[in-house]
Each structure stands twice: as C-alpha cells, then as structure tokens.
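Enquirer: Handing over entry_23.cif, mmCIF, C-alpha atoms.
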```
data_final
loop_
_atom_site.label_atom_id
_atom_site.label_comp_id
_atom_site.auth_asym_id
_atom_site.auth_seq_id
_atom_site.Cartn_x
_atom_site.Cartn_y
_atom_site.Cartn_z
CA MET W 53 -34.63 46.97 17.05
CA ALA W 54 -35.90 43.54 17.95
CA LYS W 55 -36.53 40.78 15.46
CA ILE W 56 -39.62 39.01 16.68
CA GLU W 57 -41.67 36.05 15.53
CA MET W 58 -44.79 34.47 16.93
CA THR W 59 -47.88 32.58 15.93
CA VAL W 60 -50.96 34.82 15.85
CA ASN W 61 -54.37 33.25 15.28
CA GLY W 62 -52.68 30.18 13.78
CA ARG W 63 -50.49 32.15 11.38
CA SER W 64 -46.70 32.49 11.71
CA VAL W 65 -45.77 36.16 11.70
CA SER W 66 -42.55 38.08 12.16
CA GLY W 67 -41.43 41.66 12.28
CA ASP W 68 -38.72 44.15 13.19
CA VAL W 69 -39.93 46.43 15.94
CA GLU W 70 -38.45 48.80 18.46
CA ASP W 71 -37.63 46.94 21.67
CA ARG W 72 -40.12 49.15 23.56
CA THR W 73 -43.03 48.23 21.26
CA LEU W 74 -45.99 46.89 23.21
CA LEU W 75 -47.63 43.69 22.04
CA VAL W 76 -50.91 45.53 21.46
CA HIS W 77 -49.23 47.98 19.10
CA PHE W 78 -47.53 45.17 17.19
CA LEU W 79 -50.90 43.45 16.76
CA ARG W 80 -52.73 46.61 15.72
CA GLU W 81 -50.13 48.46 13.69
CA ASN W 82 -47.93 45.76 12.19
CA LEU W 83 -50.53 43.03 11.74
CA ASN W 84 -53.56 45.33 11.29
CA LEU W 85 -55.47 43.30 13.88
CA THR W 86 -57.37 46.29 15.24
CA GLY W 87 -59.94 44.26 17.16
CA THR W 88 -57.67 44.41 20.20
CA HIS W 89 -58.23 47.83 21.77
CA VAL W 90 -56.25 50.25 23.90
CA GLY W 91 -58.66 51.69 26.43
CA CYS W 92 -56.79 53.18 29.34
CA ASP W 93 -53.05 52.91 28.73
CA THR W 94 -52.59 52.37 32.48
CA SER W 95 -53.08 48.57 32.58
CA GLN W 96 -56.46 48.76 34.26
CA CYS W 97 -59.28 48.42 31.73
CA GLY W 98 -58.71 45.08 30.02
CA ALA W 99 -59.81 46.21 26.53
CA CYS W 100 -56.47 44.86 25.24
CA VAL W 101 -56.80 41.32 26.62
CA VAL W 102 -55.51 38.58 24.30
CA HIS W 103 -54.42 35.01 24.98
CA VAL W 104 -50.67 34.38 25.08
CA ASP W 105 -49.81 30.67 25.21
CA GLY W 106 -53.40 29.97 26.21
CA LYS W 107 -53.72 32.48 29.04
CA ALA W 108 -55.48 35.85 29.11
CA VAL W 109 -53.01 38.71 29.48
CA LYS W 110 -53.06 42.46 28.91
CA SER W 111 -51.31 43.08 25.61
CA CYS W 112 -50.69 46.70 26.65
CA THR W 113 -48.59 45.46 29.58
CA MET W 114 -46.27 43.19 27.65
CA LEU W 115 -43.61 44.03 25.11
CA ALA W 116 -43.89 42.43 21.70
CA ALA W 117 -40.35 41.18 22.30
CA GLN W 118 -41.46 39.46 25.51
CA ALA W 119 -44.10 37.60 23.49
CA SER W 120 -41.68 36.54 20.75
CA GLY W 121 -41.85 32.77 20.33
CA SER W 122 -45.34 32.60 21.83
CA THR W 123 -48.69 31.61 20.44
CA VAL W 124 -51.15 34.50 20.52
CA MET W 125 -54.91 34.48 20.01
CA THR W 126 -56.82 37.70 19.43
CA ILE W 127 -60.54 38.37 19.03
CA GLU W 128 -60.09 37.95 15.26
CA GLY W 129 -58.96 34.35 15.73
CA LEU W 130 -61.86 33.21 17.86
CA SER W 131 -64.54 32.37 15.30
CA ALA W 132 -64.13 29.54 12.85
CA GLY W 133 -65.73 28.93 9.48
CA GLY W 134 -67.76 32.13 9.50
CA GLU W 135 -69.66 31.10 12.65
CA LEU W 136 -69.48 33.24 15.75
CA HIS W 137 -67.70 31.62 18.71
CA PRO W 138 -70.28 30.62 21.38
CA VAL W 139 -69.11 33.49 23.62
CA GLN W 140 -69.50 35.99 20.78
CA ALA W 141 -72.94 34.58 19.98
CA ALA W 142 -73.96 34.80 23.64
CA PHE W 143 -72.87 38.46 23.87
CA LYS W 144 -75.02 39.17 20.81
CA GLU W 145 -77.98 37.18 22.12
CA HIS W 146 -77.91 38.68 25.62
CA HIS W 147 -77.01 42.26 24.62
CA GLY W 148 -73.69 42.02 26.41
CA LEU W 149 -72.45 45.21 24.74
CA GLN W 150 -73.54 48.73 24.03
CA CYS W 151 -70.75 50.84 22.55
CA GLY W 152 -68.66 47.72 22.06
CA PHE W 153 -65.25 49.17 22.87
CA CYS W 154 -64.57 46.85 25.81
CA THR W 155 -66.13 43.83 24.07
CA PRO W 156 -63.01 42.23 22.52
CA GLY W 157 -61.27 42.22 25.89
CA MET W 158 -64.43 41.06 27.65
CA ILE W 159 -64.83 38.15 25.24
CA MET W 160 -61.16 37.10 25.48
CA ALA W 161 -61.40 37.28 29.28
CA ALA W 162 -64.66 35.31 29.17
CA THR W 163 -63.24 32.52 27.00
CA ASP W 164 -60.22 32.26 29.31
CA MET W 165 -62.50 32.10 32.36
CA ILE W 166 -64.66 29.39 30.74
CA ASN W 167 -61.51 27.44 29.82
CA ARG W 168 -60.51 27.44 33.49
CA TYR W 169 -63.87 26.89 35.17
CA GLY W 170 -66.03 25.20 32.50
CA GLY W 171 -69.57 24.52 33.66
CA LYS W 172 -68.67 25.29 37.29
CA LEU W 173 -68.92 29.04 36.69
CA ASP W 174 -71.47 30.83 38.83
CA GLU W 175 -72.49 34.48 38.89
CA ALA W 176 -70.26 35.45 41.82
CA THR W 177 -67.23 33.86 40.17
CA VAL W 178 -67.89 35.59 36.85
CA ARG W 179 -68.18 38.96 38.58
CA ALA W 180 -64.95 38.37 40.54
CA GLU W 181 -63.14 37.20 37.40
CA LEU W 182 -64.19 40.38 35.57
CA ASP W 183 -62.10 42.43 38.01
CA GLY W 184 -59.67 43.31 35.23
CA ASN W 185 -62.22 44.35 32.60
CA ILE W 186 -64.01 47.67 32.75
CA CYS W 187 -67.25 48.44 30.89
CA ARG W 188 -68.68 51.96 31.11
CA CYS W 189 -71.99 51.26 29.34
CA THR W 190 -73.73 48.07 30.31
CA GLY W 191 -73.55 47.92 34.09
CA TYR W 192 -72.21 44.38 33.57
CA HIS W 193 -75.49 42.51 34.10
CA ASN W 194 -75.86 41.38 30.50
CA ILE W 195 -72.14 40.62 30.20
CA VAL W 196 -72.43 38.28 33.19
CA LYS W 197 -75.58 36.75 31.73
CA ALA W 198 -73.87 36.18 28.37
CA ILE W 199 -70.81 34.55 29.95
CA LEU W 200 -72.93 32.20 32.06
CA ALA W 201 -75.01 31.26 29.02
CA ALA W 202 -71.90 30.59 26.93
CA ALA W 203 -70.30 28.56 29.73
CA ALA W 204 -73.42 26.43 30.03
CA GLU W 205 -73.57 25.87 26.30
CA MET W 206 -69.85 25.11 25.94
CA SER W 207 -69.86 22.65 28.83
CA GLY W 208 -72.78 20.82 27.29
CA SER W 209 -75.26 21.46 30.08
CA ALA W 210 -78.71 22.86 29.42
CA LYS W 211 -78.59 26.27 27.84
CA VAL W 212 -79.64 29.02 30.19
CA ALA W 213 -82.68 30.71 28.74
CA ALA W 214 -82.62 34.43 28.26
CA GLU W 215 -84.66 36.18 30.86
CA MET Z 196 -42.11 54.70 27.10
CA TYR Z 197 -38.53 55.77 26.61
CA GLU Z 198 -36.28 53.63 24.44
CA THR Z 199 -34.86 50.51 25.99
CA ASN Z 200 -32.95 47.40 24.97
CA TYR Z 201 -34.60 44.05 25.52
CA HIS Z 202 -32.53 40.99 26.42
CA ARG Z 203 -33.90 37.53 27.08
CA ALA Z 204 -31.81 35.56 29.56
CA GLY Z 205 -31.63 31.77 29.32
CA SER Z 206 -30.14 31.27 32.77
CA VAL Z 207 -29.65 33.11 36.05
CA ASP Z 208 -25.91 33.44 35.34
CA GLU Z 209 -26.56 34.93 31.92
CA ALA Z 210 -29.08 37.37 33.42
CA ALA Z 211 -26.54 38.56 36.00
CA LYS Z 212 -23.90 39.04 33.30
CA LEU Z 213 -26.33 41.01 31.14
CA MET Z 214 -27.07 43.23 34.14
CA ASP Z 215 -23.37 43.82 34.76
CA SER Z 216 -22.92 45.06 31.19
CA ALA Z 217 -25.98 47.34 31.29
CA GLU Z 218 -25.77 50.99 32.27
CA SER Z 219 -29.07 51.18 34.14
CA GLY Z 220 -30.65 47.78 33.68
CA LYS Z 221 -33.74 46.29 35.26
CA PHE Z 222 -34.75 42.68 35.57
CA VAL Z 223 -38.27 42.02 34.30
CA ALA Z 224 -40.23 38.92 35.26
CA GLY Z 225 -43.99 39.29 34.75
CA GLY Z 226 -43.58 43.01 34.19
CA GLN Z 227 -47.00 43.87 35.63
CA THR Z 228 -45.57 46.71 37.69
CA LEU Z 229 -42.45 47.57 35.70
CA ILE Z 230 -44.02 47.87 32.23
CA PRO Z 231 -46.82 50.24 33.41
CA THR Z 232 -44.20 52.25 35.31
CA MET Z 233 -42.09 52.53 32.15
CA LYS Z 234 -45.16 53.49 30.11
CA GLN Z 235 -45.67 56.40 32.50
CA ARG Z 236 -41.98 57.29 32.10
CA LEU Z 237 -41.48 56.88 35.83
CA ALA Z 238 -38.78 54.31 35.07
CA ALA Z 239 -36.42 54.37 32.10
CA PRO Z 240 -33.96 51.47 32.27
CA ASP Z 241 -31.59 51.34 29.29
CA SER Z 242 -31.80 47.54 29.38
CA LEU Z 243 -34.57 45.15 30.29
CA ILE Z 244 -33.37 41.67 31.18
CA ASP Z 245 -36.20 39.16 30.86
CA LEU Z 246 -36.18 36.36 33.44
CA ARG Z 247 -39.48 34.81 32.33
CA HIS Z 248 -37.92 32.07 30.23
CA ILE Z 249 -35.49 30.72 32.82
CA ALA Z 250 -36.75 27.22 33.62
CA ASP Z 251 -34.80 27.00 36.91
CA LEU Z 252 -36.91 29.80 38.41
CA LYS Z 253 -40.25 28.05 37.95
CA GLY Z 254 -42.23 25.56 39.97
CA ILE Z 255 -43.62 24.73 43.39
CA SER Z 256 -42.42 21.86 45.55
CA VAL Z 257 -44.15 20.69 48.72
CA ASN Z 258 -42.50 17.97 50.81
CA GLY Z 259 -44.45 17.45 53.99
CA LYS Z 260 -44.47 20.94 55.47
CA ASP Z 261 -41.43 22.17 53.55
CA VAL Z 262 -42.46 24.52 50.77
CA ARG Z 263 -40.31 26.00 48.03
CA ILE Z 264 -41.70 28.32 45.36
CA GLY Z 265 -39.56 29.32 42.39
CA ALA Z 266 -39.29 33.08 41.92
CA GLY Z 267 -40.69 32.86 38.38
CA THR Z 268 -43.88 31.15 39.53
CA THR Z 269 -46.92 33.23 38.60
CA HIS Z 270 -49.64 34.30 41.00
CA TYR Z 271 -52.05 32.11 39.02
CA GLU Z 272 -49.81 29.07 39.50
CA VAL Z 273 -49.54 29.68 43.25
CA ALA Z 274 -53.29 30.32 43.55
CA SER Z 275 -54.19 27.11 41.72
CA SER Z 276 -51.69 24.75 43.38
CA ALA Z 277 -53.65 22.03 45.21
CA ASP Z 278 -50.46 20.78 46.95
CA LEU Z 279 -49.79 24.23 48.33
CA ALA Z 280 -53.42 24.83 49.34
CA ALA Z 281 -53.33 21.60 51.37
CA VAL Z 282 -50.51 22.83 53.63
CA CYS Z 283 -50.68 26.63 53.42
CA PRO Z 284 -54.07 27.91 52.23
CA GLY Z 285 -53.23 31.45 53.30
CA ILE Z 286 -50.69 31.91 50.53
CA THR Z 287 -52.84 30.42 47.76
CA SER Z 288 -55.73 32.65 48.79
CA LEU Z 289 -53.41 35.67 48.88
CA ALA Z 290 -52.11 34.90 45.37
CA GLY Z 291 -55.65 34.48 44.05
CA HIS Z 292 -56.55 38.02 45.09
CA ILE Z 293 -53.59 39.92 43.63
CA GLY Z 294 -54.60 42.35 40.89
CA ASP Z 295 -56.94 40.66 38.41
CA PRO Z 296 -56.85 37.36 36.46
CA HIS Z 297 -54.76 38.79 33.61
CA VAL Z 298 -52.19 40.24 36.00
CA ARG Z 299 -52.05 36.94 37.88
CA HIS Z 300 -51.21 35.10 34.65
CA MET Z 301 -48.04 37.19 34.25
CA GLY Z 302 -46.98 38.53 37.66
CA THR Z 303 -44.54 36.46 39.72
CA ILE Z 304 -43.75 36.02 43.39
CA GLY Z 305 -40.10 36.92 42.79
CA GLY Z 306 -41.04 40.14 41.05
CA SER Z 307 -43.45 41.10 43.80
CA ILE Z 308 -40.99 40.69 46.65
CA ALA Z 309 -38.04 42.18 44.74
CA ASN Z 310 -40.09 45.34 44.09
CA ASN Z 311 -41.37 45.49 47.69
CA ASP Z 312 -44.21 47.86 46.90
CA PRO Z 313 -45.60 49.00 50.27
CA ALA Z 314 -49.05 47.84 49.12
CA ALA Z 315 -47.98 44.50 47.61
CA ASP Z 316 -49.46 41.36 49.17
CA TYR Z 317 -46.60 38.85 49.18
CA PRO Z 318 -44.17 40.68 51.50
CA SER Z 319 -46.61 40.20 54.40
CA ALA Z 320 -46.76 36.45 53.75
CA MET Z 321 -42.97 36.19 53.61
CA LEU Z 322 -42.58 37.98 56.95
CA ALA Z 323 -45.40 36.11 58.71
CA LEU Z 324 -44.24 32.73 57.43
CA GLY Z 325 -40.63 33.45 58.42
CA ALA Z 326 -39.63 32.64 54.83
CA THR Z 327 -36.13 32.46 53.46
CA ILE Z 328 -35.49 34.40 50.26
CA HIS Z 329 -33.03 32.54 48.03
CA THR Z 330 -31.04 34.64 45.59
CA SER Z 331 -28.33 34.11 43.01
CA LYS Z 332 -25.79 35.00 45.72
CA ARG Z 333 -27.13 33.94 49.13
CA ASP Z 334 -30.06 33.07 51.36
CA ILE Z 335 -31.71 35.97 53.21
CA ALA Z 336 -34.26 35.78 56.02
CA ALA Z 337 -37.42 37.69 55.08
CA ALA Z 338 -36.94 39.86 58.18
CA ASP Z 339 -33.61 41.07 56.72
CA PHE Z 340 -34.79 41.20 53.10
CA PHE Z 341 -37.44 43.94 53.28
CA THR Z 342 -35.60 47.09 54.28
CA GLY Z 343 -38.16 49.84 53.60
CA MET Z 344 -40.60 51.16 51.05
CA PHE Z 345 -39.53 49.79 47.62
CA GLU Z 346 -36.22 48.83 49.26
CA THR Z 347 -34.74 45.36 49.72
CA ALA Z 348 -31.37 43.86 50.63
CA LEU Z 349 -30.85 42.90 46.96
CA GLU Z 350 -27.74 44.13 45.16
CA ASP Z 351 -28.12 45.49 41.63
CA ASP Z 352 -27.18 42.23 39.89
CA GLU Z 353 -28.68 39.89 42.49
CA ILE Z 354 -31.68 37.82 41.43
CA VAL Z 355 -34.33 36.26 43.64
CA THR Z 356 -34.41 32.58 42.64
CA ALA Z 357 -36.92 31.10 45.10
CA VAL Z 358 -38.60 31.44 48.48
CA SER Z 359 -38.93 28.65 51.03
CA PHE Z 360 -40.72 28.24 54.35
CA THR Z 361 -42.16 25.68 56.70
CA ALA Z 362 -45.93 25.58 56.43
CA PRO Z 363 -47.52 26.80 59.70
CA ASP Z 364 -50.22 24.97 61.66
CA ALA Z 365 -52.74 27.61 60.62
CA CYS Z 366 -52.60 30.77 58.53
CA ALA Z 367 -54.78 33.23 56.64
CA TYR Z 368 -54.53 36.54 54.82
CA SER Z 369 -57.16 39.25 54.85
CA LYS Z 370 -56.97 42.48 52.92
CA PHE Z 371 -59.03 45.54 52.28
CA PRO Z 372 -58.30 46.30 48.62
CA ASN Z 373 -58.46 49.79 47.23
CA PRO Z 374 -61.69 49.62 45.21
CA ALA Z 375 -60.00 51.01 42.08
CA SER Z 376 -56.48 49.62 42.07
CA ARG Z 377 -57.02 46.44 44.11
CA TYR Z 378 -53.81 47.20 45.96
CA ALA Z 379 -54.02 46.58 49.71
CA MET Z 380 -55.09 49.56 51.82
CA ALA Z 381 -54.28 47.16 54.62
CA GLY Z 382 -53.48 43.48 54.33
CA VAL Z 383 -52.69 41.24 57.28
CA PHE Z 384 -51.14 37.77 57.13
CA VAL Z 385 -51.45 35.75 60.33
CA ALA Z 386 -49.48 32.51 60.80
CA LYS Z 387 -49.59 30.23 63.86
CA GLY Z 388 -46.78 27.71 64.20
CA GLY Z 389 -44.67 25.84 66.72
CA ASP Z 390 -42.67 28.97 67.55
CA GLY Z 391 -45.69 31.18 68.17
CA VAL Z 392 -47.81 33.55 66.14
CA ARG Z 393 -46.60 36.04 63.54
CA VAL Z 394 -48.71 38.93 62.26
CA ALA Z 395 -47.40 40.88 59.26
CA VAL Z 396 -49.05 43.96 57.80
CA THR Z 397 -48.81 45.36 54.28
CA GLY Z 398 -50.39 48.39 52.61
CA ALA Z 399 -50.62 50.48 55.72
CA GLY Z 400 -47.17 51.10 57.18
CA MET Z 401 -45.12 54.16 56.30
CA ASP Z 402 -41.97 52.04 55.94
CA GLY Z 403 -43.62 49.19 54.05
CA VAL Z 404 -44.37 45.77 55.44
CA PHE Z 405 -44.04 45.36 59.23
CA ARG Z 406 -44.82 42.94 62.06
CA TRP Z 407 -47.44 43.88 64.65
CA GLU Z 408 -45.73 42.50 67.72
CA ALA Z 409 -48.40 43.42 70.30
CA ALA Z 410 -50.91 41.38 68.31
CA GLU Z 411 -48.47 38.46 68.11
CA GLN Z 412 -48.16 38.39 71.90
CA ALA Z 413 -51.89 38.63 72.47
CA LEU Z 414 -52.61 35.87 69.95
CA GLY Z 415 -49.82 33.71 71.34
CA SER Z 416 -51.78 33.13 74.54
CA ASN Z 417 -55.28 33.36 73.03
CA PHE Z 418 -55.57 32.69 69.29
CA SER Z 419 -58.94 34.33 68.70
CA ALA Z 420 -60.14 37.54 67.08
CA GLY Z 421 -61.34 38.76 70.48
CA ALA Z 422 -57.75 38.74 71.77
CA LEU Z 423 -57.14 41.86 69.65
CA ASP Z 424 -60.08 43.85 71.08
CA GLY Z 425 -58.04 45.91 73.51
CA LEU Z 426 -55.16 46.62 71.09
CA SER Z 427 -54.65 49.54 68.78
CA VAL Z 428 -52.18 50.39 66.05
CA ASP Z 429 -50.26 53.67 66.29
CA ALA Z 430 -51.61 55.92 63.53
CA GLY Z 431 -48.31 57.81 63.62
CA ASP Z 432 -46.66 54.90 61.77
CA MET Z 433 -49.36 54.62 59.08
CA LEU Z 434 -49.51 55.93 55.52
CA SER Z 435 -51.86 58.83 54.93
CA ASP Z 436 -52.94 59.74 51.39
CA ILE Z 437 -55.99 60.48 49.23
CA HIS Z 438 -57.11 56.86 49.63
CA GLY Z 439 -57.28 56.96 53.41
CA THR Z 440 -55.99 58.73 56.49
CA ALA Z 441 -53.49 57.23 58.92
CA GLU Z 442 -56.24 56.77 61.51
CA TYR Z 443 -58.43 54.98 58.97
CA ARG Z 444 -55.60 52.64 58.05
CA ALA Z 445 -54.73 51.97 61.70
CA ASN Z 446 -58.29 50.80 62.26
CA LEU Z 447 -58.26 48.76 59.04
CA VAL Z 448 -55.16 46.89 60.23
CA LYS Z 449 -56.97 45.78 63.36
CA VAL Z 450 -60.11 44.76 61.45
CA MET Z 451 -58.13 42.83 58.84
CA ALA Z 452 -56.08 41.13 61.56
CA LYS Z 453 -59.25 39.97 63.30
CA ARG Z 454 -60.69 38.67 60.04
CA ALA Z 455 -57.46 36.81 59.28
CA VAL Z 456 -57.44 35.19 62.74
CA ALA Z 457 -61.08 34.19 62.33
CA ALA Z 458 -60.32 32.65 58.92
CA ALA Z 459 -57.12 30.84 59.95
#
```
In structure tokens, write the structure found in this file.
Expert:
Amino acid sequence: MAKIEMTVNGRSVSGDVEDRTLLVHFLRENLNLTGTHVGCDTSQCGACVVHVDGKAVKSCTMLAAQASGSTVMTIEGLSAGGELHPVQAAFKEHHGLQCGFCTPGMIMAATDMINRYGGKLDEATVRAELDGNICRCTGYHNIVKAILAAAAEMSGSAKVAAE
Amino acid sequence: MYETNYHRAGSVDEAAKLMDSAESGKFVAGGQTLIPTMKQRLAAPDSLIDLRHIADLKGISVNGKDVRIGAGTTHYEVASSADLAAVCPGITSLAGHIGDPHVRHMGTIGGSIANNDPAADYPSAMLALGATIHTSKRDIAAADFFTGMFETALEDDEIVTAVSFTAPDACAYSKFPNPASRYAMAGVFVAKGGDGVRVAVTGAGMDGVFRWEAAEQALGSNFSAGALDGLSVDAGDMLSDIHGTAEYRANLVKVMAKRAVAAA
C-alpha cells in the first residue's frame, strides 16, 4: 500500500491506496470526484484529462503514487463562486457537447491549450491540439468553436460571436 | 493491472540500487507506454522505480552547436525549447508531434529511446544526428545503442541519463502517423552535417530503426528530394501488418524521406 498526499482543487488530501491504483480511480473512488471520466481504458480518449502541476495529463495513465506531492485540478475545481469557468460557459453557449461524456476531458484540455497559446489560438491549432481527446457525438465543430470563443474572451480580445 | 510496488528514486544511484533489489523491476519515467502496457497486463513488473523526480535528469543545454538533453526532459519541453529550435529544428518538430499534448506533458526522451519501440520517433533522430547516449555506466554511440525491435544495449540496472549531439547544418523529420495511434507508419529523420548526410528510418523496418545508406549517398552529392527519385527501399526488410503492407511502407519511407529533405 502507498501512503499518498496531494492538493486537489485547492484542498489537501491524503489516502492509503494500492500502489497500482491509477490517479483517475483515486480521484473518483477515494475523493468522489466523479467528473473525471474513464472512457477507453487504453490511454487514447482523453476523457480522464486533469491538470497535474499545471499541465494536462491523462489520469488513467498515471499512478496515484506517481502524483503524490503534486497539485491536481479536476473539472470540479474549475469554476469559482458558483460561476461557470469561461471555457465551461463557452461549451454551453456553443453547444460543444451532446452526450457530455467526453466534456470534462475536453474542457481540461481546452483550458490547458488556452493557458499555453492564449489569444494566438487558431482553428488549425485547436484541431491539432485536440488529438488526444475523442468525441463520438459532436463532430468537433462546436467544440472547436467553443474553445476559440473562450480563448478570445479569456485573452481580452473581442468575443467571437456565435454563428 | 497486476500488483506492483512503487518506489520513487531521488537520485540515479538510488534508482539503480532499487533496481538491484527488485525481482523484476522496471524503471518508469513518463510512463506513457509502460503504464498502458501494465494496464493491459502485457507487463507485470514487481517493482516500478520512478525516475521522474530526479533533478539531474532534467533540462536542455545548448552551447553553440553542442546540444545536451537530459533523459527526463519531456517531449513538451523539447518541443517548446526556443534555444533548441534555433540550432536543431528537426528535433523540436519531432517532439511536438509525438502522441498528443497530454502524452507530451509526461513522456520523456530517455523513456522513448530506452524502450526503442519500432514505431517511436526519437530513435530515428538519435541515429541521424549521430547522438551519444549517456547512461549511469557509460557513453554509447546511438549506432551501438539500438540493437533491434524493443532491444537496446542497456543492462537491467543501467539508466539513460542524457543524450548529446552536435547540431547539424540542416535537418528535418517527416512522418506518416497511423491515423488512430499516431505512431509512425514511417518516419524519416534527415540530417546534413560536415561529415555528410544521415537518413534514419523509424516505424517501417522489421528490426526497428535503421539507416538508409543508399539515400545518404545520393543526398551527399545532391541534397534535394529529386536525388531520391531513382531509389527504392527493399520491401523484404519492412514490417507488414494490418496497418500496412511491406510494399506500402517501403514506398512511405521514400515519400517521407523526400518530404524531410524538402523541409530541411
């Protein structure tokens, strides 16, 4: 058993888990943070993306023990004060989801991408950066639209109007 | 995943000692290949020795044309290094197209070359750049390091600590990624330096990464994509699987080589 501790969504947490426990299972089963999803179990779909020490990673491809000592942000930690995060609001506004299963991973990937590119994001970059996130409903168009709109809003430039 | 015992090493020495006391241990760096493999129960090490927190293994240094990349440097860090892009854009571009952004945040250059997956990108760069692989025990020329599919010259408790090379005058990497996995169906790294041209191919060869010597000779006297027109790759040496036949891969190698030369 591994004794682990980390900061999740600003809260210090600890636990005793089997060494083989994946980070996603620690988040979902020990901390009841079920917003982070397991989609494929083969490290391809990106539904499990969270931020570890400020970078988007697949929580199904990392042991909880590997993340011990780190700062983790999940979809539950994104909004503040009851207001949706701008990326969440943009997904709602632009219909960036249908069944919603991939959405937590999409939004965590999107916020990471916006952190790295800011207002310099263009459509081709967003599509390339979504390589690790699979959506089986939307066809991606509205996801891309939502990310571009959120990037524009967060970087302070004129908000892209919904088409 | 079968049960395992996780150990976090604070230094290279400690990691080697932990390996010596394990029954069937594995070093884990980014874990982007090893953890999925363990999840599928295709690997079941009794001990996992985590190298990710060893400070000595991290960082990129560029002095003139001399480049050294710590083994624990992530693909994202290589891809986003402006110093490295200024002297060797081929390797930053290569790193920026491995897997996907989340994989690149975790995966490391040391892990990639130590695993020597026949479809991994970095081994081609190491061969084409004539890199030296530094380990906890010795320095190994890339040509002697990669010994076959998933095989390297590494001993069980030997750890890759860094790679170093002299930046070439021109270089580029071009790959045809499998549309689903993003692994290279064929990836070609071309480097042109004072001692000639090197062309290294990943993803296609039956024995893993290899140098295409006929192309090197042709490009040595005429460094242009057209110089490869009359050449062909022997399909008998190529992988053949559900993703593509040997003949298909042989043609891909030539096309990727021409694209890399054009981009260099």
Enquirer: Taking the file as shown, what set of residues would the PyMOL selection byres ((chain W) within 7 of (chain Z)) give back, as a PyMOL selection string?
Expert: chain W and resi 71-72+94-95+107-110+113-114+181+183-184
Enquirer: Would you kindly translate the PyMOL selection byres ((chain W and resi 144) around 12) into the concrete residues it picks from this file, as a PyMOL selection string?
Expert: chain W and resi 136-143+145-150+152+155+159+194-195+197-199+201-202+214
Enquirer: When the PyMOL selection byres ((chain W and resi 80) around 12) is applied to the file above, which residues end up in the set, as a list in words?
Expert: Val60, Thr73, Leu74, Leu75, Val76, His77, Phe78, Leu79, Glu81, Asn82, Leu83, Asn84, Leu85, Thr86, Gly87, Thr88, His89, Val90, Cys100, Ser111, Cys112, Ala116, Thr126, Ile127 and Glu128 of chain W
Enquirer: Could you tell me which of Z:Ile304, Z:Gly389, Z:Phe345, Z:Val404 comes closest to Z:Tyr271 if we count all atoms listed in the file?
Expert: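 Result for the nearest residue to Z:Tyr271: Z:Ile304.
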Enquirer: Measuring atom to atom with only C-alpha atoms, identify which of Z:Pro313, Z:Ala410, Z:Phe418, Z:Ser256 is nearest to Z:Met433.
Expert: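 So, comparing all the options, the nearest one is Z:Pro313.
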Enquirer: Excluding W:Gly106 and residues on its chain fewer than 5 positions from it, collect all residues at most 9 Å away from it, counting all atoms listed in the file, and give them as JSON, numbers by chain.
Expert: {"W": [123, 124, 125, 164]}
Enquirer: List as a PyMOL selection string the protein and nucleic acid residues near Z:Asn310, meaning an atom at most 12 Å away when only C-alpha atoms are counted, but skip any in the same chain fewer than 2 places from it.
Expert: chain Z and resi 221-229+232+302-308+312-318+340-349+354-355+403
Enquirer: Can you work out which one of W:Leu115, W:Gly191, W:Arg179, W:His103 has the shortest atom-to-atom distance to W:Asn167, counting all atoms listed in the file?
Expert: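 That would be W:His103, the residue with the smallest distance to W:Asn167.
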Enquirer: Can you tell me, as a ChimeraX atom specification, what residues are no more than 9 Å from Z:Glu408 when counting all atoms listed in the file, ignoring any on the same chain fewer than 4 positions away?
Expert: /Z:393-395,412-413
Enquirer: What does the structure give for the distance between atom CA of Z:Asp334 and atom CA of Z:Asp390, in Å to one decimal?
Expert: 20.9 Å
Enquirer: Atom CA of Z:Asp429 to atom CA of Z:Thr397: how many Å, to one decimal?
Expert: 14.7 Å
Enquirer: Using only C-alpha atoms, pick whichever of W:Gln96, W:Ser64, W:Gln118, W:Thr163 has the shortest atom-to-atom distance to W:Met206.
Expert: W:Thr163
Enquirer: As an MDAnalysis selection string, please: the residues near W:Leu173 (cut-off 10 Å, all atoms listed in the file, same-chain neighbours under 5 positions excluded).
Expert: chainID W and resid 165:166 168 178 199:200 203:204
Enquirer: Taking into account only C-alpha atoms, which residue in the set W:Ala119, W:Ala132, W:Met58, W:Cys154 is nearest to W:Tyr192?
Expert: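 The closest residue to W:Tyr192 is W:Cys154.
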Enquirer: How would you write as a PDB file with C-alpha atoms, in the frame of the given file the residues that get within 9 Å of (-51.2, 33.0, 49.2) in the file's frame, counting all atoms listed in the file?
Expert:
```pdb
ATOM      1  CA  HIS Z 270     -49.640  34.300  41.000  1.00  0.00           C
ATOM      2  CA  VAL Z 273     -49.540  29.680  43.250  1.00  0.00           C
ATOM      3  CA  ALA Z 274     -53.290  30.320  43.550  1.00  0.00           C
ATOM      4  CA  LEU Z 279     -49.790  24.230  48.330  1.00  0.00           C
ATOM      5  CA  ALA Z 280     -53.420  24.830  49.340  1.00  0.00           C
ATOM      6  CA  CYS Z 283     -50.680  26.630  53.420  1.00  0.00           C
ATOM      7  CA  PRO Z 284     -54.070  27.910  52.230  1.00  0.00           C
ATOM      8  CA  GLY Z 285     -53.230  31.450  53.300  1.00  0.00           C
ATOM      9  CA  ILE Z 286     -50.690  31.910  50.530  1.00  0.00           C
ATOM     10  CA  THR Z 287     -52.840  30.420  47.760  1.00  0.00           C
ATOM     11  CA  SER Z 288     -55.730  32.650  48.790  1.00  0.00           C
ATOM     12  CA  LEU Z 289     -53.410  35.670  48.880  1.00  0.00           C
ATOM     13  CA  ALA Z 290     -52.110  34.900  45.370  1.00  0.00           C
ATOM     14  CA  GLY Z 291     -55.650  34.480  44.050  1.00  0.00           C
ATOM     15  CA  HIS Z 292     -56.550  38.020  45.090  1.00  0.00           C
ATOM     16  CA  ASP Z 316     -49.460  41.360  49.170  1.00  0.00           C
ATOM     17  CA  TYR Z 317     -46.600  38.850  49.180  1.00  0.00           C
ATOM     18  CA  ALA Z 320     -46.760  36.450  53.750  1.00  0.00           C
ATOM     19  CA  ALA Z 367     -54.780  33.230  56.640  1.00  0.00           C
ATOM     20  CA  TYR Z 368     -54.530  36.540  54.820  1.00  0.00           C
TER      21      TYR Z 368
END
```
Enquirer: Considering all atoms listed in the file, can you say which of Z:Ala281, Z:Ala210, Z:Ala452, Z:Met321 comes closest to Z:Ile249?
Expert: Z:Ala210
